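Asks: What follows is upload_7.cif; its format and atoms are mmCIF, C-alpha atoms.
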```
data_protein
#
loop_
_atom_site.label_atom_id
_atom_site.label_comp_id
_atom_site.auth_asym_id
_atom_site.auth_seq_id
_atom_site.Cartn_x
_atom_site.Cartn_y
_atom_site.Cartn_z
CA MET A 1 71.26 68.74 192.21
CA THR A 2 69.65 67.77 188.93
CA GLY A 3 66.23 68.29 187.40
CA ARG A 4 64.06 71.36 187.62
CA PRO A 5 63.95 73.14 190.94
CA ALA A 6 60.51 73.63 192.44
CA ALA A 7 59.07 77.07 191.68
CA VAL A 8 60.20 78.80 194.86
CA ARG A 9 58.75 82.27 195.14
CA HIS A 10 60.65 85.22 196.55
CA ASP A 11 58.96 88.04 198.43
CA ILE A 12 60.59 91.20 197.17
CA THR A 13 60.00 94.95 197.30
CA LEU A 14 60.50 96.99 194.14
CA ARG A 15 60.74 100.77 194.38
CA VAL A 16 58.88 102.10 191.35
CA ASN A 17 58.20 105.81 190.74
CA GLY A 18 59.01 106.48 194.39
CA ALA A 19 56.53 103.95 195.78
CA PRO A 20 57.30 100.51 197.26
CA HIS A 21 55.61 97.48 195.65
CA THR A 22 55.89 94.28 197.68
CA ILE A 23 55.29 91.32 195.41
CA SER A 24 55.88 87.57 195.36
CA VAL A 25 57.71 86.33 192.25
CA GLU A 26 59.52 83.33 190.85
CA PRO A 27 63.20 84.02 190.10
CA ARG A 28 62.48 83.75 186.38
CA ARG A 29 60.05 86.69 186.49
CA LEU A 30 61.39 89.39 184.15
CA LEU A 31 61.27 92.92 185.53
CA SER A 32 59.08 93.91 182.57
CA ASP A 33 56.48 91.28 183.51
CA ALA A 34 56.72 92.10 187.22
CA LEU A 35 56.00 95.77 186.48
CA ARG A 36 53.01 94.92 184.29
CA HIS A 37 51.45 91.92 186.01
CA ASP A 38 52.54 92.17 189.65
CA CYS A 39 52.71 95.97 190.10
CA GLY A 40 49.85 96.69 187.66
CA LEU A 41 51.94 99.30 185.82
CA THR A 42 51.01 98.41 182.26
CA GLY A 43 52.56 101.53 180.71
CA THR A 44 55.80 99.61 180.18
CA HIS A 45 55.30 97.70 176.94
CA VAL A 46 56.81 94.35 176.02
CA GLY A 47 57.85 94.00 172.37
CA CYS A 48 60.67 91.66 171.41
CA GLU A 49 61.57 90.36 174.89
CA HIS A 50 65.22 90.04 174.01
CA GLY A 51 66.54 93.55 174.35
CA VAL A 52 66.37 94.69 170.74
CA CYS A 53 63.22 96.82 170.36
CA GLY A 54 63.47 99.14 173.37
CA ALA A 55 59.71 99.28 174.10
CA CYS A 56 60.24 98.05 177.68
CA THR A 57 62.91 100.64 178.52
CA VAL A 58 62.64 102.00 182.07
CA LEU A 59 65.01 104.15 184.11
CA VAL A 60 67.11 102.26 186.66
CA ASP A 61 68.70 104.70 189.11
CA GLY A 62 68.01 107.30 186.43
CA SER A 63 69.69 105.48 183.51
CA PRO A 64 67.78 103.74 180.70
CA ALA A 65 67.68 99.94 180.93
CA ARG A 66 65.74 97.18 179.19
CA SER A 67 63.32 95.83 181.80
CA CYS A 68 63.05 92.60 179.76
CA LEU A 69 66.78 92.01 180.35
CA MET A 70 66.53 92.28 184.13
CA LEU A 71 65.12 89.84 186.67
CA ALA A 72 62.64 91.29 189.16
CA VAL A 73 64.28 89.32 191.96
CA ALA A 74 67.60 91.08 191.24
CA SER A 75 66.08 94.59 191.15
CA GLU A 76 65.46 95.32 194.83
CA ASP A 77 68.48 97.60 195.24
CA VAL A 78 67.55 100.08 192.53
CA GLU A 79 65.14 102.96 191.99
CA ILE A 80 62.91 102.25 188.98
CA THR A 81 61.09 104.91 186.94
CA THR A 82 58.47 103.82 184.42
CA VAL A 83 56.53 105.93 181.94
CA GLU A 84 53.88 106.36 184.66
CA GLY A 85 56.49 108.24 186.70
CA LEU A 86 57.32 110.88 184.09
CA ALA A 87 54.28 113.16 184.43
CA GLY A 88 54.05 115.88 187.07
CA ALA A 89 52.29 115.32 190.40
CA ASP A 90 49.23 117.13 188.98
CA ASP A 91 49.21 114.78 185.94
CA SER A 92 50.65 117.55 183.76
CA LEU A 93 52.70 116.20 180.85
CA SER A 94 56.48 116.23 181.17
CA PRO A 95 58.38 118.26 178.53
CA VAL A 96 59.14 115.08 176.57
CA GLN A 97 55.50 113.92 176.69
CA GLN A 98 54.26 117.39 175.66
CA ALA A 99 56.75 117.45 172.77
CA PHE A 100 55.57 114.04 171.52
CA SER A 101 52.03 115.39 171.51
CA ASP A 102 53.02 118.66 169.81
CA CYS A 103 55.16 117.00 167.13
CA HIS A 104 53.00 113.91 166.46
CA GLY A 105 55.87 111.74 167.69
CA LEU A 106 53.65 108.68 167.91
CA GLN A 107 51.07 106.82 165.90
CA CYS A 108 50.10 103.46 167.40
CA GLY A 109 51.95 104.33 170.61
CA PHE A 110 53.30 100.87 171.38
CA CYS A 111 56.96 101.91 171.34
CA THR A 112 56.31 105.30 172.96
CA PRO A 113 56.94 104.43 176.65
CA GLY A 114 60.45 103.27 175.76
CA PHE A 115 61.14 106.41 173.75
CA LEU A 116 59.82 108.69 176.53
CA THR A 117 62.01 107.13 179.22
CA THR A 118 65.09 107.01 176.98
CA ILE A 119 64.72 110.64 175.87
CA THR A 120 63.98 111.86 179.41
CA ALA A 121 67.36 110.52 180.55
CA GLY A 122 69.04 111.55 177.29
CA LEU A 123 68.06 115.21 177.66
CA ARG A 124 69.14 115.23 181.29
CA ASP A 125 72.62 114.18 180.13
CA ASN A 126 72.62 116.36 177.01
CA PRO A 127 70.09 119.20 177.41
CA ASP A 128 70.70 120.82 174.01
CA PRO A 129 71.30 118.06 171.45
CA THR A 130 71.96 118.62 167.75
CA ARG A 131 69.73 116.78 165.28
CA GLU A 132 72.48 114.17 164.88
CA GLU A 133 72.75 113.72 168.66
CA ALA A 134 68.96 113.40 168.87
CA GLN A 135 69.11 110.59 166.28
CA GLU A 136 71.88 108.91 168.25
CA MET A 137 69.82 109.26 171.46
CA ILE A 138 66.95 107.19 170.03
CA ALA A 139 69.03 104.76 167.94
CA GLY A 140 68.40 101.90 170.38
CA ASN A 141 64.60 102.11 170.09
CA LEU A 142 62.49 100.76 167.24
CA CYS A 143 59.32 102.43 165.91
CA ARG A 144 57.40 100.82 163.04
CA CYS A 145 54.94 103.66 162.44
CA THR A 146 56.47 107.10 162.41
CA GLY A 147 59.62 106.78 160.32
CA TYR A 148 61.36 108.52 163.24
CA GLN A 149 61.33 112.03 161.76
CA ASN A 150 58.68 113.31 164.16
CA ILE A 151 60.35 111.60 167.08
CA VAL A 152 63.60 113.41 166.31
CA ALA A 153 61.59 116.63 166.07
CA ALA A 154 60.03 115.82 169.46
CA VAL A 155 63.50 115.38 171.04
CA LEU A 156 64.52 118.83 169.78
CA ARG A 157 61.18 120.35 170.85
CA ALA A 158 61.44 118.74 174.31
CA ALA A 159 64.87 120.34 174.71
CA GLU A 160 63.24 123.72 174.03
CA LEU A 161 60.39 123.06 176.49
CA ARG A 162 62.82 121.97 179.24
CA ASP A 163 64.69 125.19 178.64
CA GLY A 164 61.52 127.30 178.93
CA ARG A 165 61.77 128.36 175.28
CA PRO A 166 58.46 128.94 173.46
CA MET B 1 59.77 83.91 175.51
CA LYS B 2 59.85 83.25 179.26
CA PRO B 3 62.79 81.62 181.03
CA ALA B 4 62.47 78.08 182.36
CA PRO B 5 62.39 77.89 186.17
CA PHE B 6 65.66 78.27 188.07
CA ALA B 7 66.75 78.89 191.64
CA TYR B 8 68.24 82.29 192.52
CA HIS B 9 71.13 82.99 194.85
CA ARG B 10 72.53 86.38 195.77
CA PRO B 11 75.74 85.75 197.72
CA GLY B 12 77.50 88.53 199.62
CA THR B 13 81.06 87.37 198.92
CA VAL B 14 82.99 85.81 196.02
CA ALA B 15 83.85 82.82 198.26
CA GLU B 16 80.14 82.17 198.84
CA ALA B 17 79.47 82.47 195.10
CA VAL B 18 82.19 79.89 194.44
CA ARG B 19 80.67 77.52 197.03
CA LEU B 20 77.24 77.82 195.40
CA LEU B 21 78.70 77.13 191.95
CA ALA B 22 80.73 74.18 193.21
CA ALA B 23 77.59 72.64 194.77
CA ASP B 24 75.57 72.78 191.52
CA PRO B 25 77.16 71.88 188.16
CA ASP B 26 74.19 73.39 186.27
CA ALA B 27 74.34 76.79 187.96
CA LYS B 28 75.39 79.89 186.00
CA VAL B 29 76.85 83.24 187.06
CA LEU B 30 74.69 86.35 186.52
CA ALA B 31 76.36 89.77 186.33
CA GLY B 32 74.82 92.41 184.02
CA GLY B 33 72.57 89.87 182.33
CA GLN B 34 72.46 91.59 178.94
CA SER B 35 73.58 88.42 177.13
CA LEU B 36 72.42 85.80 179.64
CA VAL B 37 68.81 86.97 180.14
CA PRO B 38 67.92 86.80 176.42
CA LEU B 39 69.47 83.32 176.30
CA LEU B 40 67.25 82.38 179.27
CA SER B 41 64.15 83.90 177.67
CA MET B 42 64.78 82.04 174.41
CA ARG B 43 65.53 78.93 176.49
CA LEU B 44 68.86 78.52 174.75
CA ALA B 45 70.20 78.39 178.31
CA THR B 46 68.29 76.52 181.03
CA PRO B 47 70.51 76.59 184.14
CA SER B 48 69.23 75.05 187.38
CA ALA B 49 70.28 78.14 189.33
CA LEU B 50 71.69 81.62 188.89
CA VAL B 51 74.38 82.95 191.19
CA ASP B 52 73.96 86.74 191.04
CA LEU B 53 77.17 88.69 191.68
CA GLY B 54 75.12 91.89 192.11
CA GLY B 55 75.18 91.75 195.91
CA ILE B 56 78.96 91.45 196.28
CA PRO B 57 80.51 94.77 197.34
CA GLY B 58 83.68 96.09 195.73
CA LEU B 59 83.44 94.24 192.42
CA ASP B 60 82.44 97.34 190.44
CA ALA B 61 85.78 99.16 190.74
CA VAL B 62 87.82 100.44 187.79
CA ARG B 63 91.44 100.93 188.84
CA VAL B 64 94.00 102.67 186.65
CA ASP B 65 97.76 102.81 187.18
CA ALA B 66 100.86 103.11 184.99
CA ASP B 67 100.66 99.41 184.03
CA GLY B 68 97.06 99.39 182.83
CA VAL B 69 93.36 99.31 183.64
CA ARG B 70 91.86 96.74 185.98
CA VAL B 71 88.10 96.40 185.51
CA GLY B 72 86.04 94.73 188.26
CA ALA B 73 83.46 92.06 187.44
CA LEU B 74 80.49 94.36 188.10
CA ALA B 75 81.82 97.47 186.31
CA ARG B 76 79.30 98.30 183.59
CA HIS B 77 80.43 99.15 180.06
CA ALA B 78 79.07 102.69 180.53
CA ARG B 79 81.15 103.19 183.66
CA VAL B 80 84.36 102.03 181.95
CA LEU B 81 83.55 104.08 178.84
CA ALA B 82 83.12 107.25 180.93
CA ASP B 83 86.39 106.78 182.85
CA ASP B 84 88.83 109.43 181.53
CA ASP B 85 91.82 107.89 183.35
CA ALA B 86 91.11 104.52 181.74
CA ALA B 87 90.81 106.16 178.30
CA ALA B 88 94.12 108.01 178.78
CA CYS B 89 95.90 104.85 179.95
CA GLN B 90 94.58 102.56 177.19
CA PRO B 91 92.62 104.52 174.53
CA LEU B 92 91.52 101.35 172.71
CA LEU B 93 89.10 100.68 175.59
CA ARG B 94 86.98 103.76 174.88
CA LEU B 95 87.23 103.30 171.09
CA ALA B 96 85.92 99.73 171.29
CA LEU B 97 83.38 100.23 174.09
CA GLY B 98 81.60 102.84 171.96
CA HIS B 99 80.74 99.99 169.57
CA VAL B 100 79.36 97.64 172.23
CA ALA B 101 75.58 97.43 171.57
CA HIS B 102 73.52 100.54 172.42
CA PRO B 103 74.03 102.96 175.32
CA THR B 104 71.00 101.44 177.09
CA ILE B 105 72.59 97.97 176.99
CA ARG B 106 75.95 99.43 178.09
CA ASN B 107 74.23 100.86 181.18
CA ARG B 108 73.68 97.31 182.50
CA GLY B 109 76.12 95.02 180.66
CA THR B 110 79.51 94.45 182.28
CA THR B 111 82.86 94.50 180.49
CA VAL B 112 84.18 91.43 182.31
CA GLY B 113 80.91 89.61 181.61
CA SER B 114 81.32 90.36 177.91
CA VAL B 115 84.90 89.05 178.00
CA VAL B 116 84.03 85.72 179.65
CA HIS B 117 80.83 85.31 177.62
CA ALA B 118 83.36 84.95 174.74
CA ASP B 119 80.96 85.75 171.91
CA PRO B 120 82.93 85.73 168.61
CA ALA B 121 80.93 88.82 167.56
CA ALA B 122 81.82 90.77 170.72
CA GLU B 123 84.38 93.56 170.83
CA MET B 124 85.88 93.25 174.31
CA PRO B 125 87.25 89.68 174.04
CA VAL B 126 89.18 90.82 170.95
CA VAL B 127 90.46 93.92 172.76
CA LEU B 128 91.68 91.84 175.71
CA ARG B 129 93.37 89.34 173.38
CA LEU B 130 94.98 92.02 171.19
CA LEU B 131 96.37 93.91 174.19
CA GLY B 132 97.65 90.71 175.82
CA GLY B 133 95.51 91.26 178.91
CA SER B 134 94.34 88.76 181.47
CA VAL B 135 91.42 87.75 183.68
CA ASP B 136 91.66 87.10 187.42
CA VAL B 137 89.45 84.25 188.59
CA GLU B 138 88.59 82.82 192.00
CA GLY B 139 87.63 79.18 192.55
CA PRO B 140 87.64 76.49 195.26
CA ALA B 141 91.43 76.09 194.84
CA GLY B 142 92.04 79.82 195.26
CA ARG B 143 92.88 82.58 192.82
CA ARG B 144 94.64 82.40 189.49
CA THR B 145 95.30 84.67 186.53
CA ILE B 146 94.46 83.48 183.01
CA GLY B 147 96.26 85.22 180.14
CA ALA B 148 94.05 86.19 177.22
CA ALA B 149 95.91 83.76 174.90
CA ASP B 150 94.82 80.88 177.16
CA LEU B 151 91.32 82.18 177.93
CA PHE B 152 89.31 81.71 174.75
CA VAL B 153 88.66 78.07 173.89
CA GLY B 154 85.73 78.25 171.44
CA PRO B 155 82.62 80.24 170.66
CA LEU B 156 80.99 81.13 174.01
CA GLU B 157 83.59 78.97 175.75
CA THR B 158 86.52 79.91 177.99
CA SER B 159 89.06 78.00 180.05
CA LEU B 160 87.36 79.07 183.30
CA HIS B 161 86.23 76.09 185.34
CA HIS B 162 82.54 75.83 186.12
CA ASP B 163 83.08 76.77 189.76
CA GLU B 164 85.35 79.74 189.07
CA VAL B 165 84.20 83.37 189.07
CA ALA B 166 85.97 86.01 186.97
CA THR B 167 86.57 88.84 189.44
CA SER B 168 88.39 91.31 187.17
CA ALA B 169 90.01 91.82 183.78
CA PHE B 170 93.30 93.63 183.20
CA PHE B 171 93.93 95.69 180.06
CA PRO B 172 97.62 96.73 179.70
CA ALA B 173 98.46 100.41 179.15
CA LEU B 174 99.40 101.82 175.76
CA PRO B 175 103.20 101.92 175.69
CA SER B 176 105.24 104.96 174.72
CA GLY B 177 105.21 105.36 170.92
CA GLY B 178 101.97 103.39 170.70
CA GLY B 179 98.82 104.06 168.70
CA VAL B 180 95.42 102.38 168.42
CA ALA B 181 92.33 102.39 166.22
CA PHE B 182 89.06 100.48 165.97
CA GLU B 183 86.33 100.22 163.37
CA GLU B 184 83.51 97.82 162.62
CA ILE B 185 80.69 97.45 160.12
CA ALA B 186 77.24 96.24 161.20
CA ARG B 187 73.95 95.87 159.35
CA ARG B 188 72.24 98.19 161.82
CA HIS B 189 73.65 100.80 164.20
CA GLY B 190 74.45 99.10 167.51
CA ASP B 191 73.98 95.59 166.15
CA TYR B 192 76.58 92.84 166.08
CA ALA B 193 79.37 93.59 163.63
CA MET B 194 79.70 91.61 160.40
CA ALA B 195 83.38 92.42 160.72
CA GLY B 196 85.41 94.55 163.10
CA VAL B 197 89.11 95.34 163.33
CA ALA B 198 91.16 96.60 166.27
CA VAL B 199 94.79 97.60 165.70
CA VAL B 200 97.69 98.46 167.99
CA VAL B 201 100.96 99.81 166.64
CA ARG B 202 104.20 101.04 168.17
CA ARG B 203 106.79 103.37 166.69
CA GLU B 204 110.35 103.94 167.79
CA GLY B 205 111.20 107.28 166.22
CA GLU B 206 110.38 106.96 162.52
CA GLN B 207 110.55 103.17 162.70
CA VAL B 208 107.32 101.15 163.01
CA VAL B 209 108.33 98.25 165.26
CA ASP B 210 104.96 96.61 165.95
CA VAL B 211 101.66 96.32 164.07
CA ARG B 212 99.05 93.83 165.27
CA ALA B 213 95.37 93.49 164.40
CA GLY B 214 92.52 91.68 166.17
CA PHE B 215 89.30 90.68 164.42
CA VAL B 216 85.65 90.68 165.52
CA SER B 217 83.13 88.23 163.96
CA ILE B 218 85.79 86.58 161.79
CA SER B 219 86.75 83.48 163.77
CA ASP B 220 85.37 81.31 166.58
CA THR B 221 87.81 82.80 169.08
CA PRO B 222 89.57 86.17 169.06
CA VAL B 223 92.49 86.01 166.65
CA VAL B 224 95.45 88.38 166.42
CA VAL B 225 97.52 88.75 163.25
CA ASP B 226 101.02 90.26 163.34
CA LEU B 227 101.32 92.68 160.42
CA THR B 228 104.66 94.24 161.38
CA ASP B 229 106.64 92.67 158.51
CA ALA B 230 103.91 93.34 155.95
CA VAL B 231 103.79 97.03 156.88
CA ALA B 232 107.61 97.25 156.96
CA ARG B 233 107.92 95.94 153.40
CA GLY B 234 105.07 98.13 152.16
CA ALA B 235 102.61 95.29 151.51
CA ASP B 236 98.88 95.86 151.78
CA PRO B 237 97.87 95.13 155.40
CA GLY B 238 94.43 93.92 154.31
CA ASP B 239 95.84 91.29 151.96
CA ALA B 240 98.43 90.32 154.56
CA ALA B 241 95.74 89.85 157.23
CA LEU B 242 93.55 87.77 154.93
CA ALA B 243 96.44 85.37 154.29
CA SER B 244 96.07 84.30 157.95
CA LEU B 245 92.26 84.35 158.19
CA GLU B 246 89.38 82.32 156.81
CA PRO B 247 86.23 84.42 157.08
CA THR B 248 83.10 82.25 157.05
CA ALA B 249 79.55 82.85 155.82
CA ASP B 250 76.47 83.26 157.97
CA VAL B 251 73.02 84.80 157.59
CA HIS B 252 74.48 88.31 157.87
CA ALA B 253 77.27 88.13 155.28
CA THR B 254 78.81 85.78 152.73
CA ALA B 255 82.42 84.67 153.19
CA ASP B 256 83.46 86.79 150.20
CA TYR B 257 81.81 89.89 151.61
CA ARG B 258 83.43 89.32 155.01
CA ALA B 259 86.82 88.94 153.30
CA HIS B 260 86.17 92.20 151.50
CA LEU B 261 85.32 93.93 154.79
CA VAL B 262 88.48 92.55 156.43
CA ARG B 263 90.61 93.79 153.52
CA VAL B 264 89.12 97.28 153.54
CA LEU B 265 88.85 97.70 157.31
CA THR B 266 92.36 96.39 158.06
CA ARG B 267 93.91 98.81 155.57
CA ARG B 268 91.89 101.68 157.01
CA VAL B 269 92.38 100.85 160.71
CA VAL B 270 96.14 100.19 160.39
CA GLY B 271 96.45 103.61 158.76
CA ALA B 272 94.43 105.22 161.53
CA ALA B 273 96.50 103.53 164.25
CA LEU B 274 99.77 104.70 162.64
CA ASP B 275 98.37 108.24 162.48
CA ASP B 276 97.28 107.93 166.11
CA ALA B 277 100.80 106.89 167.16
CA ALA B 278 102.32 109.79 165.20
CA SER B 279 99.98 112.36 166.74
CA ARG B 280 100.52 111.00 170.26
CA SER B 281 104.31 111.24 169.88
CA LEU B 282 103.88 114.88 168.74
CA THR B 283 101.81 115.82 171.78
CA ARG B 284 104.07 113.96 174.19
#
```
Kindly transcribe the structure held in the file into structure tokens.
Replies:
Amino acid sequence: MTGRPAAVRHDITLRVNGAPHTISVEPRRLLSDALRHDCGLTGTHVGCEHGVCGACTVLVDGSPARSCLMLAVASEDVEITTVEGLAGADDSLSPVQQAFSDCHGLQCGFCTPGFLTTITAGLRDNPDPTREEAQEMIAGNLCRCTGYQNIVAAVLRAAELRDGRP
Amino acid sequence: MKPAPFAYHRPGTVAEAVRLLAADPDAKVLAGGQSLVPLLSMRLATPSALVDLGGIPGLDAVRVDADGVRVGALARHARVLADDDAAACQPLLRLALGHVAHPTIRNRGTTVGSVVHADPAAEMPVVLRLLGGSVDVEGPAGRRTIGAADLFVGPLETSLHHDEVATSAFFPALPSGGGVAFEEIARRHGDYAMAGVAVVVRREGEQVVDVRAGFVSISDTPVVVDLTDAVARGADPGDAALASLEPTADVHATADYRAHLVRVLTRRVVGAALDDAASRSLTR
């Protein structure tokens, strides 16, 4: 078997934010592109496409993962949560989203979906982080606008909001 | 930044994976994908097919006994890192795994995948080599065990045959009187290390009977330097290590700077490992 294989498409079903999406993809389709182009969920942003920037971070079975480092065809067995899945059923902002708004944790917003998903899982695992732990939580995500200070403040504020503190 | 086309197979058994690999010399194994997928996207790798181990049950186990820690091919770094029994049996695992990329990458990347990817800048190949571990592989001719000393052939190259699948890696337990330490220096938090040092030591009473160091990002394949004599005669472990190493330059660091890092880190990490051994013998 030599030469390029013909572009065989696979019919797969992704479970995203609790809903099934049945799509037809080539094996080389990255999960990030499948979410955006095939599922129409453009909230997941694509930055570096090699796992460095963190903009495409989604939750896979609840844990943060780079969607640009996963193949859609290999993602049928998992539950995927994108930034579109973080808000409440009534479109109310989640504690992390509200904190980003309160603390000006974004400027251009391109990196924000990756931060929101990462921090949502991070606060579930560590509900009351110190400032240092908040910095560690977001260390795998790049932001070119904010200088990170307001994002760290948003992590600490989101911890308060989750806890029902004013 | 999109992969070239390839065929995709998701076998349900290791035997089926081996058959698929044997039938196609350009096929590659996919496990966690955290190194392979970027290589595909950058088209540095253009395999004809991927054989995804993700559908094979039972490969994600981490088993710990008195002899050591056996890590299955699909066990993610995060899973191994969180395993308290594994950390108690061989504490170097947790120390080194904390330096593997970022937590988000560790959620998907596999420890065995990192070992057989054999990146000279990766931590886990050095840990396996330093501990004298091994990898179990399965191929058309059956199963065999490859010792770490025979595993690493060159950068990104192992002695696995194309149609063999690494099913697990074995990391030996820390012996009585043993101590470990790990430290690395990277340009950015979570990035590849410019230099990293792992050390295992063993004491018998007040006597230090074994001091060995393994080095990350210093040579094409994981290298271990025996520093027992140097430490016994009171020589500087950093200078002693450098006598056996030739750090090279790349875009991240000059050769001189790497040598400096090796000298400083080796001194520091040997000291930490000796302290670790002393404190473990106190609590025993």
Asks: Could you work out which residues of chain B fall inside 6 Å of chain A? Count all atoms listed in the file, and format the result as a PyMOL selection string.
Replies: chain B and resi 3+5+8+24+34+37-38+102+104
Asks: Go through A:Gly40, A:Pro127, A:Pro20, A:Asp102 one by one, measure the shortest atom-to-atom distance of each to Gly164 in chain A using all atoms listed in the file, and give the residue with the smallest value.
Replies: A:Pro127
Asks: For Asp163 in chain A, please output as a PyMOL selection string all residues within 12 Å (counting only C-alpha atoms; exclusion window: fewer than 3 positions along the same chain).
Replies: chain A and resi 95-96+123-124+126-128+156-160+166
Asks: How many Å lie between CA of Cys56 in chain A and CA of Ala195 in chain B, rounded to one decimal?
Replies: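 Taking CA of Cys56 in chain A and CA of Ala195 in chain B, their separation equals 29.2 Å.
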Asks: Residues at most 10 Å from Pro91 in chain B, counting all atoms listed in the file, excluding those fewer than 3 positions away in the same chain, as a VMD selection string?
Replies: chain B and resid 84 to 88 94 to 96 173 to 174 179 to 181
Asks: Pro125 in chain B: which residues within 10 Å, counting all atoms listed in the file, same-chain residues fewer than 2 positions away excluded, as a PyMOL selection string?
Replies: chain B and resi 111-123+127-130+133+148+151-152+214-216+221-223
Asks: Export C-alpha atoms of the chosen residues as a PDB file, in the frame of the given file?
Replies:
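File produced: out08.pdb:
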```pdb
ATOM      1  CA  THR B 111      82.860  94.500 180.490  1.00  0.00           C
ATOM      2  CA  VAL B 112      84.180  91.430 182.310  1.00  0.00           C
ATOM      3  CA  GLY B 113      80.910  89.610 181.610  1.00  0.00           C
ATOM      4  CA  SER B 114      81.320  90.360 177.910  1.00  0.00           C
ATOM      5  CA  VAL B 115      84.900  89.050 178.000  1.00  0.00           C
ATOM      6  CA  VAL B 116      84.030  85.720 179.650  1.00  0.00           C
ATOM      7  CA  HIS B 117      80.830  85.310 177.620  1.00  0.00           C
ATOM      8  CA  ALA B 118      83.360  84.950 174.740  1.00  0.00           C
ATOM      9  CA  ASP B 119      80.960  85.750 171.910  1.00  0.00           C
ATOM     10  CA  PRO B 120      82.930  85.730 168.610  1.00  0.00           C
ATOM     11  CA  ALA B 121      80.930  88.820 167.560  1.00  0.00           C
ATOM     12  CA  ALA B 122      81.820  90.770 170.720  1.00  0.00           C
ATOM     13  CA  GLU B 123      84.380  93.560 170.830  1.00  0.00           C
ATOM     14  CA  VAL B 127      90.460  93.920 172.760  1.00  0.00           C
ATOM     15  CA  LEU B 128      91.680  91.840 175.710  1.00  0.00           C
ATOM     16  CA  ARG B 129      93.370  89.340 173.380  1.00  0.00           C
ATOM     17  CA  LEU B 130      94.980  92.020 171.190  1.00  0.00           C
ATOM     18  CA  GLY B 133      95.510  91.260 178.910  1.00  0.00           C
ATOM     19  CA  ALA B 148      94.050  86.190 177.220  1.00  0.00           C
ATOM     20  CA  LEU B 151      91.320  82.180 177.930  1.00  0.00           C
ATOM     21  CA  PHE B 152      89.310  81.710 174.750  1.00  0.00           C
ATOM     22  CA  GLY B 214      92.520  91.680 166.170  1.00  0.00           C
ATOM     23  CA  PHE B 215      89.300  90.680 164.420  1.00  0.00           C
ATOM     24  CA  VAL B 216      85.650  90.680 165.520  1.00  0.00           C
ATOM     25  CA  THR B 221      87.810  82.800 169.080  1.00  0.00           C
ATOM     26  CA  PRO B 222      89.570  86.170 169.060  1.00  0.00           C
ATOM     27  CA  VAL B 223      92.490  86.010 166.650  1.00  0.00           C
TER      28      VAL B 223
END
```
Asks: Using only C-alpha atoms and a cutoff of 12 Å, can you tell me which residues are near (96.7, 108.6, 165.9) in the file's coordinates, and write them out as a list of chain:residue names?
Replies: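 Those residues lying close to the given coordinates are B:Pro91, B:Leu92, B:Gly177, B:Gly178, B:Gly179, B:Val180, B:Ala181, B:Phe182, B:Val199, B:Val200, B:Val201, B:Arg202, B:Arg203, B:Val269, B:Val270, B:Gly271, B:Ala272, B:Ala273, B:Leu274, B:Asp275, B:Asp276, B:Ala277, B:Ala278, B:Ser279, B:Arg280, B:Ser281, B:Leu282, B:Thr283.
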Asks: Run the PyMOL selection byres ((chain B and resi 258) around 12) against the file shown and list the residues it catches, as JSON, numbers by chain.
Replies: {"B": [184, 185, 186, 193, 194, 195, 196, 197, 215, 216, 217, 218, 219, 238, 242, 245, 246, 247, 248, 249, 250, 251, 252, 253, 254, 255, 256, 257, 259, 260, 261, 262, 263, 264, 265, 266]}
Asks: Can you translate the PyMOL selection byres ((chain B and resi 21) around 12) into the concrete residues it hits in this file, as a CSV table (one decimal) with C-alpha atoms, in the frame of the given file?
Replies:
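Saved file expr04.csv follows:
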```
chain,number,residue,atom,x,y,z
A,1,MET,CA,71.3,68.7,192.2
B,8,TYR,CA,68.2,82.3,192.5
B,9,HIS,CA,71.1,83.0,194.8
B,10,ARG,CA,72.5,86.4,195.8
B,11,PRO,CA,75.7,85.8,197.7
B,14,VAL,CA,83.0,85.8,196.0
B,15,ALA,CA,83.8,82.8,198.3
B,16,GLU,CA,80.1,82.2,198.8
B,17,ALA,CA,79.5,82.5,195.1
B,18,VAL,CA,82.2,79.9,194.4
B,19,ARG,CA,80.7,77.5,197.0
B,20,LEU,CA,77.2,77.8,195.4
B,22,ALA,CA,80.7,74.2,193.2
B,23,ALA,CA,77.6,72.6,194.8
B,24,ASP,CA,75.6,72.8,191.5
B,25,PRO,CA,77.2,71.9,188.2
B,26,ASP,CA,74.2,73.4,186.3
B,27,ALA,CA,74.3,76.8,188.0
B,28,LYS,CA,75.4,79.9,186.0
B,29,VAL,CA,76.8,83.2,187.1
B,30,LEU,CA,74.7,86.4,186.5
B,47,PRO,CA,70.5,76.6,184.1
B,48,SER,CA,69.2,75.0,187.4
B,49,ALA,CA,70.3,78.1,189.3
B,50,LEU,CA,71.7,81.6,188.9
B,51,VAL,CA,74.4,83.0,191.2
B,52,ASP,CA,74.0,86.7,191.0
B,53,LEU,CA,77.2,88.7,191.7
B,138,GLU,CA,88.6,82.8,192.0
B,139,GLY,CA,87.6,79.2,192.6
B,140,PRO,CA,87.6,76.5,195.3
B,161,HIS,CA,86.2,76.1,185.3
B,162,HIS,CA,82.5,75.8,186.1
B,163,ASP,CA,83.1,76.8,189.8
B,164,GLU,CA,85.4,79.7,189.1
B,165,VAL,CA,84.2,83.4,189.1
```
Asks: Just the number, please: distance in Å from CA of Ala87 in chain A to CA of Arg165 in chain A, one decimal.
Replies: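 According to the coordinates, CA of Ala87 in chain A and CA of Arg165 in chain A are separated by 19.3 Å.
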Asks: What separation in Å, quoted to one decimal, exists between CA of Ser35 in chain B and CA of Leu156 in chain B?
Replies: 10.9 Å
